[in-house]
file work_18.cif (mmCIF, C-alpha atoms)
data_final
loop_
_atom_site.label_atom_id
_atom_site.label_comp_id
_atom_site.auth_asym_id
_atom_site.auth_seq_id
_atom_site.Cartn_x
_atom_site.Cartn_y
_atom_site.Cartn_z
CA MET M 1 1.92 -54.48 -21.52
CA MET M 2 0.76 -52.62 -24.67
CA ARG M 3 -2.72 -52.24 -23.18
CA LEU M 4 -1.22 -50.69 -20.02
CA LEU M 5 0.80 -48.24 -22.10
CA ASN M 6 -2.26 -47.31 -24.17
CA ASN M 7 -4.32 -46.73 -21.03
CA SER M 8 -1.59 -44.56 -19.59
CA VAL M 9 -1.44 -42.41 -22.77
CA ILE M 10 -5.25 -42.07 -22.87
CA PHE M 11 -5.29 -41.10 -19.17
CA SER M 12 -2.58 -38.48 -19.73
CA CYS M 13 -4.44 -37.00 -22.72
CA LEU M 14 -7.73 -36.86 -20.82
CA SER M 15 -6.01 -35.21 -17.82
CA PHE M 16 -4.43 -32.66 -20.14
CA LEU M 17 -7.80 -31.82 -21.74
CA LEU M 18 -9.52 -31.54 -18.38
CA LEU M 19 -6.81 -29.35 -16.90
CA SER M 20 -6.82 -27.04 -19.95
CA CYS M 21 -10.22 -25.80 -18.83
CA ALA M 22 -8.78 -24.47 -15.55
CA GLU M 23 -6.46 -21.81 -16.97
CA GLU M 24 -5.87 -18.94 -14.51
CA LYS M 25 -6.91 -15.59 -15.88
CA LEU M 26 -5.48 -12.36 -14.62
CA PRO M 27 -7.66 -9.32 -14.19
CA ASP M 28 -6.55 -6.96 -16.93
CA GLU M 29 -9.13 -4.21 -16.89
CA ARG M 30 -7.67 -0.88 -15.95
CA ILE M 31 -9.83 1.53 -14.06
CA TYR M 32 -8.13 4.72 -13.05
CA GLU M 33 -9.34 7.91 -11.51
CA VAL M 34 -7.92 11.42 -11.72
CA ARG M 35 -9.31 13.83 -9.16
CA ASN M 36 -8.86 17.49 -8.32
CA ILE M 37 -7.91 17.90 -4.68
CA GLY M 38 -6.65 20.69 -2.45
CA LEU M 39 -4.83 19.26 0.53
CA LEU M 40 -2.47 21.43 2.54
CA SER M 41 -0.23 19.00 4.45
CA THR M 42 1.62 20.77 7.24
CA THR M 43 3.16 18.01 9.33
CA GLU M 44 4.82 14.70 8.56
CA TYR M 45 5.33 11.93 11.09
CA THR M 46 7.44 8.86 10.48
CA VAL M 47 6.09 6.06 12.64
CA GLY M 48 7.68 2.66 13.22
CA LYS M 49 6.09 -0.54 14.48
CA ILE M 50 7.17 -4.09 15.16
CA ILE M 51 4.57 -6.61 14.07
CA ARG M 52 4.84 -9.62 16.36
CA LEU M 53 3.07 -12.92 15.94
CA SER M 54 3.42 -16.27 17.62
CA ASP M 55 1.43 -19.10 16.06
CA GLU M 56 1.33 -21.86 18.66
CA PHE M 57 -1.13 -24.69 19.23
CA LYS M 58 -4.06 -23.71 21.42
CA GLU M 59 -6.34 -26.58 22.25
CA GLU M 60 -9.37 -24.39 22.96
CA ASP M 61 -9.59 -22.88 19.48
CA SER M 62 -8.27 -25.68 17.33
CA GLU M 63 -10.13 -28.10 15.08
CA TRP M 64 -9.38 -31.83 15.16
CA TYR M 65 -7.32 -31.66 11.99
CA GLU M 66 -5.14 -28.93 13.46
CA TYR M 67 -3.68 -31.15 16.17
CA TYR M 68 -0.50 -31.57 14.14
CA LYS M 69 0.24 -27.97 15.22
CA LYS M 70 1.20 -29.43 18.59
CA TYR M 71 4.39 -30.52 16.94
CA GLY M 72 6.02 -27.25 16.10
CA GLU M 73 5.39 -23.52 16.15
CA ARG M 74 5.78 -20.46 14.00
CA LYS M 75 7.02 -17.06 15.11
CA ILE M 76 7.60 -13.91 13.12
CA LEU M 77 8.75 -10.34 13.72
CA ILE M 78 8.25 -7.77 10.97
CA SER M 79 9.43 -4.19 11.26
CA CYS M 80 7.54 -1.60 9.27
CA ARG M 81 7.44 2.13 8.92
CA ALA M 82 4.62 4.45 7.88
CA LYS M 83 4.92 8.01 6.61
CA VAL M 84 1.92 9.99 7.71
CA LYS M 85 1.07 13.53 6.69
CA ALA M 86 -1.67 15.62 8.23
CA GLY M 87 -3.16 18.95 7.34
CA ILE M 88 -6.20 20.78 6.07
CA ASP M 89 -8.48 20.05 3.15
CA LEU M 90 -8.69 23.45 1.50
CA THR M 91 -11.54 22.35 -0.75
CA GLU M 92 -13.70 22.21 2.39
CA LEU M 93 -13.42 25.98 2.83
CA GLN M 94 -16.90 27.43 2.48
CA GLU M 95 -18.06 30.87 1.45
CA GLY M 96 -17.79 33.00 4.53
CA ASP M 97 -14.77 31.10 5.90
CA ILE M 98 -12.49 33.85 4.56
CA VAL M 99 -13.53 37.35 5.57
CA ILE M 100 -11.54 40.41 4.51
CA ASN M 101 -12.02 43.71 6.26
CA GLY M 102 -9.53 46.33 5.08
CA SER M 103 -6.09 45.14 6.10
CA THR M 104 -7.52 42.40 8.35
CA ILE M 105 -8.22 38.88 7.15
CA GLU M 106 -10.07 36.27 9.20
CA ILE M 107 -10.04 32.61 8.20
CA THR M 108 -11.91 29.67 9.71
CA LEU M 109 -10.20 26.41 8.83
CA PRO M 110 -11.89 23.03 8.46
CA PRO M 111 -10.74 20.34 10.94
CA ALA M 112 -7.25 18.91 10.45
CA LYS M 113 -7.08 15.35 9.16
CA ILE M 114 -4.67 12.70 7.96
CA THR M 115 -3.92 13.61 4.37
CA THR M 116 -1.43 10.90 3.42
CA PHE M 117 -0.70 7.48 4.84
CA SER M 118 1.85 5.32 3.08
CA MET M 119 3.90 2.25 3.95
CA ASP M 120 6.70 1.95 1.47
CA PRO M 121 7.70 -1.66 0.68
CA SER M 122 11.35 -0.72 1.19
CA ASP M 123 10.55 0.10 4.83
CA ILE M 124 9.10 -3.34 5.55
CA HIS M 125 11.50 -6.06 6.71
CA THR M 126 11.06 -9.53 8.17
CA GLU M 127 13.48 -9.36 11.10
CA MET M 128 12.95 -12.88 12.43
CA GLU M 129 11.09 -15.95 11.24
CA SER M 130 11.19 -19.22 13.14
CA ILE M 131 9.44 -22.39 11.97
CA THR M 132 9.75 -25.70 13.78
CA GLY M 133 8.34 -29.22 13.56
CA LEU M 134 5.54 -29.99 11.14
CA ARG M 135 4.62 -26.37 10.53
CA SER M 136 4.85 -24.66 7.16
CA SER M 137 6.61 -21.37 6.39
CA PHE M 138 4.75 -18.07 6.37
CA SER M 139 3.44 -17.34 2.91
CA GLN M 140 3.46 -13.87 1.38
CA GLU M 141 -0.34 -13.89 1.65
CA GLU M 142 -0.08 -14.43 5.40
CA LYS M 143 2.60 -11.75 5.75
CA ASN M 144 0.38 -9.33 3.86
CA ALA M 145 -2.48 -10.14 6.24
CA PHE M 146 -0.19 -9.33 9.22
CA LEU M 147 0.87 -6.08 7.56
CA LYS M 148 -2.78 -5.13 7.03
CA GLN M 149 -3.37 -5.61 10.75
CA GLY M 150 -0.22 -3.60 11.49
CA GLU M 151 -1.45 -0.79 9.25
CA ALA M 152 -4.83 -0.74 11.00
CA ALA M 153 -3.09 -0.65 14.41
CA ILE M 154 -0.89 2.30 13.36
CA ARG M 155 -3.91 4.20 12.02
CA LYS M 156 -5.73 3.58 15.30
CA ASP M 157 -2.80 4.71 17.47
CA LEU M 158 -2.17 7.87 15.44
CA ALA M 159 -4.91 9.78 17.22
CA SER M 160 -2.93 9.68 20.46
CA THR M 161 0.26 11.09 18.90
CA GLY M 162 -0.94 14.67 18.62
CA ILE M 163 -0.37 14.77 14.87
CA LEU M 164 -3.64 16.62 14.24
CA ASN M 165 -2.80 19.33 16.79
CA ASP M 166 0.61 19.80 15.14
CA ALA M 167 -1.10 19.96 11.75
CA ASN M 168 -3.47 22.67 13.01
CA GLU M 169 -0.66 24.74 14.57
CA ASN M 170 1.52 24.48 11.47
CA ALA M 171 -1.39 25.36 9.18
CA VAL M 172 -2.06 28.50 11.24
CA ALA M 173 1.63 29.48 11.10
CA PHE M 174 1.83 28.88 7.34
CA LEU M 175 -1.33 30.83 6.49
CA LYS M 176 -0.35 33.73 8.77
CA GLU M 177 2.98 34.06 7.03
CA PHE M 178 1.40 33.69 3.60
CA TYR M 179 -1.22 36.40 4.13
CA GLU M 180 1.26 38.69 5.88
CA GLN M 181 3.48 38.49 2.80
CA MET M 182 0.43 39.58 0.82
CA GLY M 183 0.30 42.76 2.86
CA TYR M 184 -2.40 42.00 5.44
CA LYS M 185 -1.52 43.59 8.76
CA LYS M 186 -3.72 41.40 10.89
CA VAL M 187 -4.31 37.72 10.12
CA ILE M 188 -6.73 35.83 12.36
CA VAL M 189 -6.93 32.07 11.83
CA HIS M 190 -9.53 29.97 13.64
CA THR M 191 -9.11 26.22 13.76
CA SER M 192 -11.89 23.69 14.11
CA LYS M 193 -11.67 21.48 17.13
CA GLU M 194 -13.72 18.55 15.91
CA ASN M 195 -10.86 16.52 14.54
CA ASP M 196 -11.91 13.16 13.07
CA MET R 1 3.22 -55.40 13.99
CA VAL R 2 6.12 -52.89 14.09
CA VAL R 3 5.94 -52.60 10.30
CA ASN R 4 2.21 -51.89 10.47
CA ILE R 5 2.70 -49.12 13.04
CA SER R 6 5.51 -47.59 10.97
CA VAL R 7 3.30 -47.62 7.88
CA LEU R 8 0.47 -46.01 9.87
CA LEU R 9 2.79 -43.30 11.20
CA LEU R 10 4.13 -42.65 7.71
CA MET R 11 0.57 -42.30 6.43
CA VAL R 12 -0.28 -39.79 9.16
CA VAL R 13 2.83 -37.72 8.35
CA ALA R 14 1.97 -37.94 4.64
CA ILE R 15 -1.58 -36.70 5.31
CA VAL R 16 -0.30 -33.77 7.39
CA ILE R 17 2.25 -32.81 4.72
CA SER R 18 -0.36 -33.14 1.95
CA TYR R 19 -2.77 -31.00 3.92
CA ASN R 20 -0.11 -28.31 4.33
CA VAL R 21 0.90 -28.51 0.67
CA PHE R 22 -2.63 -28.29 -0.73
CA PHE R 23 -4.49 -26.22 1.82
CA GLY R 24 -1.76 -24.48 3.79
CA GLU R 25 -2.31 -22.86 7.17
CA LYS R 26 -5.41 -20.89 6.32
CA LYS R 27 -6.58 -19.87 9.77
CA GLU R 28 -6.59 -16.11 10.24
CA LEU R 29 -4.05 -15.16 12.85
CA THR R 30 -4.05 -12.03 14.98
CA ILE R 31 -0.87 -10.07 15.63
CA ASP R 32 0.17 -9.12 19.16
CA GLU R 33 -0.40 -5.60 20.43
CA THR R 34 2.81 -3.58 20.20
CA PRO R 35 3.31 0.17 20.59
CA ILE R 36 4.15 2.52 17.73
CA GLN R 37 7.35 4.53 17.83
CA ILE R 38 7.48 8.08 16.48
CA GLU R 39 10.79 8.21 14.64
CA SER R 40 10.62 11.76 13.30
CA ILE R 41 8.38 14.79 13.07
CA ARG R 42 8.79 17.32 10.27
CA THR R 43 7.05 20.59 9.53
CA ILE R 44 6.08 20.76 5.89
CA ALA R 45 3.89 22.84 3.59
CA GLU R 46 2.79 20.72 0.67
CA ILE R 47 -0.28 21.55 -1.37
CA SER R 48 -1.51 18.50 -3.30
CA THR R 49 -3.79 19.48 -6.14
CA VAL R 50 -4.15 16.34 -8.27
CA SER R 51 -4.71 12.76 -7.21
CA TYR R 52 -4.46 9.81 -9.56
CA LYS R 53 -5.60 6.38 -8.36
CA ASP R 54 -4.88 3.23 -10.29
CA GLU R 55 -4.61 -0.52 -9.97
CA VAL R 56 -1.80 -2.57 -11.47
CA VAL R 57 -1.23 -6.29 -11.74
CA MET R 58 2.32 -7.44 -11.06
CA ASP R 59 3.15 -10.99 -12.02
CA SER R 60 6.30 -13.06 -11.62
CA VAL R 61 6.53 -16.58 -13.02
CA GLU R 62 9.32 -19.13 -12.95
CA TYR R 63 9.03 -22.22 -15.18
CA GLU R 64 10.49 -25.69 -14.73
CA THR R 65 13.79 -25.79 -16.54
CA GLU R 66 13.31 -29.35 -17.85
CA ASN R 67 10.81 -30.09 -20.60
CA TYR R 68 7.93 -32.07 -19.24
CA ALA R 69 6.42 -34.93 -21.20
CA ILE R 70 2.68 -35.51 -20.99
CA TYR R 71 3.11 -39.28 -21.22
CA ASP R 72 5.40 -39.45 -18.21
CA PRO R 73 3.25 -40.14 -15.10
CA ARG R 74 6.05 -38.85 -12.85
CA LYS R 75 5.63 -35.41 -14.37
CA LEU R 76 1.88 -35.20 -13.81
CA TYR R 77 2.26 -32.59 -11.05
CA GLU R 78 4.29 -30.37 -13.39
CA LEU R 79 1.66 -30.94 -16.07
CA TYR R 80 -1.03 -29.84 -13.63
CA ASN R 81 0.89 -26.59 -13.11
CA ARG R 82 1.64 -26.14 -16.85
CA GLY R 83 5.35 -26.36 -16.08
CA VAL R 84 5.08 -23.40 -13.68
CA LYS R 85 7.50 -23.86 -10.83
CA ARG R 86 6.64 -20.70 -8.88
CA ARG R 87 4.25 -17.83 -9.46
CA LEU R 88 3.43 -14.70 -7.50
CA THR R 89 0.71 -12.37 -8.75
CA MET R 90 -0.23 -9.21 -6.90
CA ILE R 91 -2.96 -6.66 -7.49
CA ILE R 92 -1.83 -3.33 -6.13
CA THR R 93 -3.99 -0.23 -5.83
CA GLY R 94 -1.98 2.94 -5.44
CA GLU R 95 -2.30 6.68 -5.51
CA VAL R 96 -0.04 9.35 -6.99
CA ARG R 97 -0.28 12.97 -5.89
CA TYR R 98 1.05 16.05 -7.61
CA GLY R 99 1.24 19.53 -6.20
CA VAL R 100 3.53 22.27 -4.97
CA ASP R 101 6.00 21.87 -2.14
CA LEU R 102 6.39 25.11 -0.21
CA SER R 103 8.23 23.52 2.73
CA ASP R 104 11.41 25.53 2.12
CA ASN R 105 9.51 28.82 2.01
CA ASN R 106 10.29 28.87 -1.69
CA PHE R 107 7.48 31.16 -2.71
CA SER R 108 7.14 34.90 -2.85
CA VAL R 109 4.30 37.38 -3.00
CA SER R 110 4.58 40.94 -4.22
CA THR R 111 1.68 43.35 -4.38
CA ASN R 112 0.82 46.72 -5.85
CA LYS R 113 -2.39 48.72 -6.17
CA ASP R 114 -3.82 46.67 -9.03
CA SER R 115 -2.29 43.24 -8.81
CA ILE R 116 -0.85 40.47 -6.67
CA HIS R 117 2.12 38.62 -8.11
CA LEU R 118 2.66 35.14 -6.69
CA ILE R 119 5.74 33.08 -7.56
CA LEU R 120 5.44 29.36 -6.79
CA PRO R 121 7.70 26.38 -7.46
CA GLU R 122 6.75 24.13 -10.40
CA PRO R 123 4.24 21.41 -9.41
CA SER R 124 5.93 18.07 -8.90
CA LEU R 125 5.31 14.54 -7.74
CA LEU R 126 4.67 14.65 -3.99
CA ASP R 127 3.54 11.14 -3.04
CA VAL R 128 3.26 7.62 -4.40
CA ILE R 129 1.02 5.89 -1.88
CA ILE R 130 1.03 2.12 -1.48
CA VAL R 131 -0.38 0.40 1.60
CA PRO R 132 -0.82 -3.28 2.55
CA SER R 133 -4.60 -2.86 2.87
CA LYS R 134 -4.77 -2.03 -0.85
CA THR R 135 -2.41 -4.84 -1.83
CA GLN R 136 -3.81 -8.23 -2.71
CA ILE R 137 -1.85 -11.43 -3.18
CA TYR R 138 -3.92 -12.84 -6.03
CA LEU R 139 -1.91 -16.01 -6.60
CA GLU R 140 1.01 -17.56 -4.76
CA LYS R 141 2.57 -20.81 -5.91
CA GLY R 142 5.80 -21.96 -4.37
CA SER R 143 7.91 -20.14 -1.86
CA TRP R 144 8.73 -16.43 -2.32
CA ARG R 145 11.29 -14.29 -0.53
CA ASP R 146 10.40 -10.82 0.77
CA SER R 147 12.95 -9.24 -1.55
CA GLU R 148 11.19 -10.79 -4.56
CA ARG R 149 7.87 -9.45 -3.38
CA HIS R 150 9.40 -6.00 -2.80
CA LYS R 151 10.71 -6.08 -6.35
CA LEU R 152 7.14 -6.47 -7.64
CA GLU R 153 5.88 -3.67 -5.38
CA THR R 154 8.69 -1.36 -6.47
CA GLY R 155 7.77 -2.22 -10.07
CA ALA R 156 4.18 -1.21 -9.32
CA LYS R 157 5.35 2.13 -7.92
CA TYR R 158 7.34 2.73 -11.09
CA LYS R 159 4.27 1.90 -13.21
CA PHE R 160 2.12 4.37 -11.24
CA LYS R 161 4.70 7.10 -11.82
CA GLN R 162 4.97 6.30 -15.53
CA ASN R 163 1.18 6.33 -15.94
CA ALA R 164 0.99 9.67 -14.14
CA VAL R 165 3.56 11.14 -16.53
CA ALA R 166 1.64 9.74 -19.53
CA LEU R 167 -1.54 11.40 -18.24
CA ASN R 168 0.27 14.75 -18.11
CA LEU R 169 -0.65 15.28 -14.47
CA GLU R 170 2.00 17.96 -13.99
CA LYS R 171 0.03 20.26 -16.31
CA LYS R 172 -3.22 19.43 -14.54
CA ALA R 173 -1.59 20.11 -11.16
CA ARG R 174 -0.49 23.51 -12.41
CA GLU R 175 -4.05 24.44 -13.48
CA ASN R 176 -5.53 23.21 -10.21
CA THR R 177 -2.91 25.06 -8.15
CA GLU R 178 -3.89 28.30 -9.90
CA ARG R 179 -7.57 27.59 -9.23
CA LEU R 180 -6.91 26.81 -5.56
CA PHE R 181 -4.87 29.95 -4.92
CA LYS R 182 -7.55 32.06 -6.61
CA LYS R 183 -9.97 30.64 -4.06
CA LEU R 184 -7.56 31.34 -1.18
CA ILE R 185 -6.74 34.87 -2.28
CA MET R 186 -10.15 36.48 -2.39
CA ASP R 187 -8.85 39.85 -3.44
CA LYS R 188 -10.30 42.32 -5.92
CA ARG R 189 -6.86 42.88 -7.40
CA THR R 190 -5.69 40.80 -10.38
CA LEU R 191 -3.83 37.68 -9.32
CA VAL R 192 -0.82 36.70 -11.43
CA ILE R 193 0.68 33.30 -10.66
CA GLU R 194 4.08 32.36 -12.02
CA PHE R 195 5.71 28.96 -11.65
CA LYS R 196 9.46 28.88 -11.30
CA LYS R 197 11.69 25.83 -11.58
CA ASP R 198 13.87 25.15 -8.54
CA GLU R 199 17.52 25.86 -9.25
#
call {"tool": "encode", "arguments": {"input": "work_18.cif", "output": "structure tokens"}}
result
Amino acid sequence: MMRLLNNSVIFSCLSFLLLSCAEEKLPDERIYEVRNIGLLSTTEYTVGKIIRLSDEFKEEDSEWYEYYKKYGERKILISCRAKVKAGIDLTELQEGDIVINGSTIEITLPPAKITTFSMDPSDIHTEMESITGLRSSFSQEEKNAFLKQGEAAIRKDLASTGILNDANENAVAFLKEFYEQMGYKKVIVHTSKEND
Amino acid sequence: MVVNISVLLLMVVAIVISYNVFFGEKKELTIDETPIQIESIRTIAEISTVSYKDEVVMDSVEYETENYAIYDPRKLYELYNRGVKRRLTMIITGEVRYGVDLSDNNFSVSTNKDSIHLILPEPSLLDVIIVPSKTQIYLEKGSWRDSERHKLETGAKYKFKQNAVALNLEKKARENTERLFKKLIMDKRTLVIEFKKDE
């Protein structure tokens, strides 16, 4: 009995020593960057999306050890919202893009682009989560992976919304008003069509 | 015979549960295609002049409430986890932008023969940008609710703002705004820029 107890204590001590070597370390180096920019954002879209996923067993793309997925399924619906701003990068203005001739000013703007894209955590909600059978719950890592896909899908679909055209039109209106206030009688603003 | 089958079934269930516990459902899943909805469109006029990018680590740990004894074999799992019951660690990269918001037409320009006098609002914080693609779940032990995760992300946003204040970005934004407007107003007259606090 004593021998068994001794063995158990030795085993526990050895396990403790071995496990001590596997301490998790957090990255603690801070690298930050401060940059001078010059973005004129002229339009803001608020875009919503429902992220939908159904994780069911599919025989054709399952490994042998995934057959337990037959017994249960996982479904999730996440609603998210992105705030997107678009406008002009004023730092891209080159010499010769602003031409002044008496009381006339002529400006050629660089192409409009997305200036800000943010998805605030407070605008992300799991609306429905259903887990059945032998399946495990969705982890935060998985949910983040779905949100990444959702973000990519929103970015891709933005081109068809007309946000860049709005940004161009609003930039023209803003600059016209600005230069007119400065006393220019004629303000000509050219926009670039090659929007990325 | 019946006992043997029951034992076999129990073993299978145990293997499946162990697999889920230790390895989880790691297969990358693809979301369904759904349309985006435009909820609102707003005309703005924001000039961002300073961007500050940073990375913060947000960590939340919950320990076992009972003391664990290293000689108790039943507590070996707790020992393995150093008494950590749950832990969620996130690495979040974010961006803070400062600049002037002219959306309410809150600027004025007056001119005379020799000078242009431009009155602008004080530079302020315009955006704190956090996106899922720049958010990494570094460690996840145990089960975490969305609200708990949001709390960490909100904490990260607060940290970004605090760091930006500590770096005196408002002053930098002011200098850059002046530089930018000098580039925009290519006039021979002297340009005087004044910043006015919103009332």
call {"tool": "atom_distance", "arguments": {"input": "work_18.cif", "atom1": "atom CA of M:Ile100", "atom2": "atom CA of M:Lys186"}}
result
10.1 Å
call {"tool": "closest_atom_pairs", "arguments": {"input": "work_18.cif", "of": "chain M", "to": "chain R", "cutoff": "7 Å", "atoms": "all atoms listed in the file", "output": "JSON lines"}}
result
{"residue": "M:Val9", "atom": "CA", "partner": "R:Tyr71", "partner_atom": "CA", "distance": 5.7}
{"residue": "M:Ser12", "atom": "CA", "partner": "R:Tyr71", "partner_atom": "CA", "distance": 5.9}
{"residue": "M:Leu19", "atom": "CA", "partner": "R:Tyr80", "partner_atom": "CA", "distance": 6.7}
{"residue": "M:Arg30", "atom": "CA", "partner": "R:Glu55", "partner_atom": "CA", "distance": 6.7}
{"residue": "M:Ile31", "atom": "CA", "partner": "R:Asp54", "partner_atom": "CA", "distance": 6.5}
{"residue": "M:Tyr32", "atom": "CA", "partner": "R:Asp54", "partner_atom": "CA", "distance": 4.5}
{"residue": "M:Glu33", "atom": "CA", "partner": "R:Lys53", "partner_atom": "CA", "distance": 5.1}
{"residue": "M:Val34", "atom": "CA", "partner": "R:Tyr52", "partner_atom": "CA", "distance": 4.4}
{"residue": "M:Arg35", "atom": "CA", "partner": "R:Ser51", "partner_atom": "CA", "distance": 5.1}
{"residue": "M:Asn36", "atom": "CA", "partner": "R:Val50", "partner_atom": "CA", "distance": 4.8}
{"residue": "M:Ile37", "atom": "CA", "partner": "R:Thr49", "partner_atom": "CA", "distance": 4.6}
{"residue": "M:Gly38", "atom": "CA", "partner": "R:Thr49", "partner_atom": "CA", "distance": 4.8}
{"residue": "M:Leu39", "atom": "CA", "partner": "R:Ser48", "partner_atom": "CA", "distance": 5.1}
{"residue": "M:Leu40", "atom": "CA", "partner": "R:Ile47", "partner_atom": "CA", "distance": 4.5}
{"residue": "M:Ser41", "atom": "CA", "partner": "R:Glu46", "partner_atom": "CA", "distance": 5.1}
{"residue": "M:Thr42", "atom": "CA", "partner": "R:Ile44", "partner_atom": "CA", "distance": 4.7}
{"residue": "M:Thr43", "atom": "CA", "partner": "R:Thr43", "partner_atom": "CA", "distance": 4.7}
{"residue": "M:Glu44", "atom": "CA", "partner": "R:Arg42", "partner_atom": "CA", "distance": 5.1}
{"residue": "M:Tyr45", "atom": "CA", "partner": "R:Ile41", "partner_atom": "CA", "distance": 4.6}
{"residue": "M:Thr46", "atom": "CA", "partner": "R:Ser40", "partner_atom": "CA", "distance": 5.1}
{"residue": "M:Val47", "atom": "CA", "partner": "R:Ile38", "partner_atom": "CA", "distance": 4.6}
{"residue": "M:Gly48", "atom": "CA", "partner": "R:Gln37", "partner_atom": "CA", "distance": 5.0}
{"residue": "M:Lys49", "atom": "CA", "partner": "R:Ile36", "partner_atom": "CA", "distance": 4.9}
{"residue": "M:Ile50", "atom": "CA", "partner": "R:Thr34", "partner_atom": "CA", "distance": 6.7}
{"residue": "M:Ile51", "atom": "CA", "partner": "R:Ile31", "partner_atom": "CA", "distance": 6.6}
{"residue": "M:Arg52", "atom": "CA", "partner": "R:Asp32", "partner_atom": "CA", "distance": 5.5}
{"residue": "M:Leu53", "atom": "CA", "partner": "R:Ile31", "partner_atom": "CA", "distance": 4.9}
{"residue": "M:Ser118", "atom": "CA", "partner": "R:Ile129", "partner_atom": "CA", "distance": 5.1}
{"residue": "M:Met119", "atom": "CA", "partner": "R:Val131", "partner_atom": "CA", "distance": 5.2}
{"residue": "M:Asp120", "atom": "CA", "partner": "R:Ile130", "partner_atom": "CA", "distance": 6.4}
{"residue": "M:Pro121", "atom": "CA", "partner": "R:His150", "partner_atom": "CA", "distance": 5.8}
{"residue": "M:Ser122", "atom": "CA", "partner": "R:His150", "partner_atom": "CA", "distance": 6.9}
{"residue": "M:Ser136", "atom": "CA", "partner": "R:Asn20", "partner_atom": "CA", "distance": 6.8}
{"residue": "M:Gln140", "atom": "CA", "partner": "R:Trp144", "partner_atom": "CA", "distance": 6.9}
{"residue": "M:Glu141", "atom": "CA", "partner": "R:Ile137", "partner_atom": "CA", "distance": 5.6}
{"residue": "M:Asn144", "atom": "CA", "partner": "R:Pro132", "partner_atom": "CA", "distance": 6.3}
{"residue": "M:Phe146", "atom": "CA", "partner": "R:Ile31", "partner_atom": "CA", "distance": 6.5}
{"residue": "M:Leu147", "atom": "CA", "partner": "R:Pro132", "partner_atom": "CA", "distance": 6.0}
{"residue": "M:Lys148", "atom": "CA", "partner": "R:Ser133", "partner_atom": "CA", "distance": 5.1}
{"residue": "M:Ile154", "atom": "CA", "partner": "R:Ile36", "partner_atom": "CA", "distance": 6.7}
{"residue": "M:Gln181", "atom": "CA", "partner": "R:Val109", "partner_atom": "CA", "distance": 6.0}
{"residue": "M:Met182", "atom": "CA", "partner": "R:Val109", "partner_atom": "CA", "distance": 5.9}
call {"tool": "residues_around", "arguments": {"input": "work_18.cif", "residues": "M:Arg135", "least_positions_apart": "3", "cutoff": "8 Å", "atoms": "all atoms listed in the file", "output": "list in words"}}
result
Lys69, Tyr71, Gly72, Glu73, Arg74, Ile131 and Thr132 of chain M
call {"tool": "atom_distance", "arguments": {"input": "work_18.cif", "atom1": "atom CA of M:Ile105", "atom2": "atom CA of M:Tyr184"}}
result
6.8 Å
call {"tool": "atom_distance", "arguments": {"input": "work_18.cif", "atom1": "atom CA of M:Glu129", "atom2": "atom CA of M:Leu77"}}
result
6.6 Å
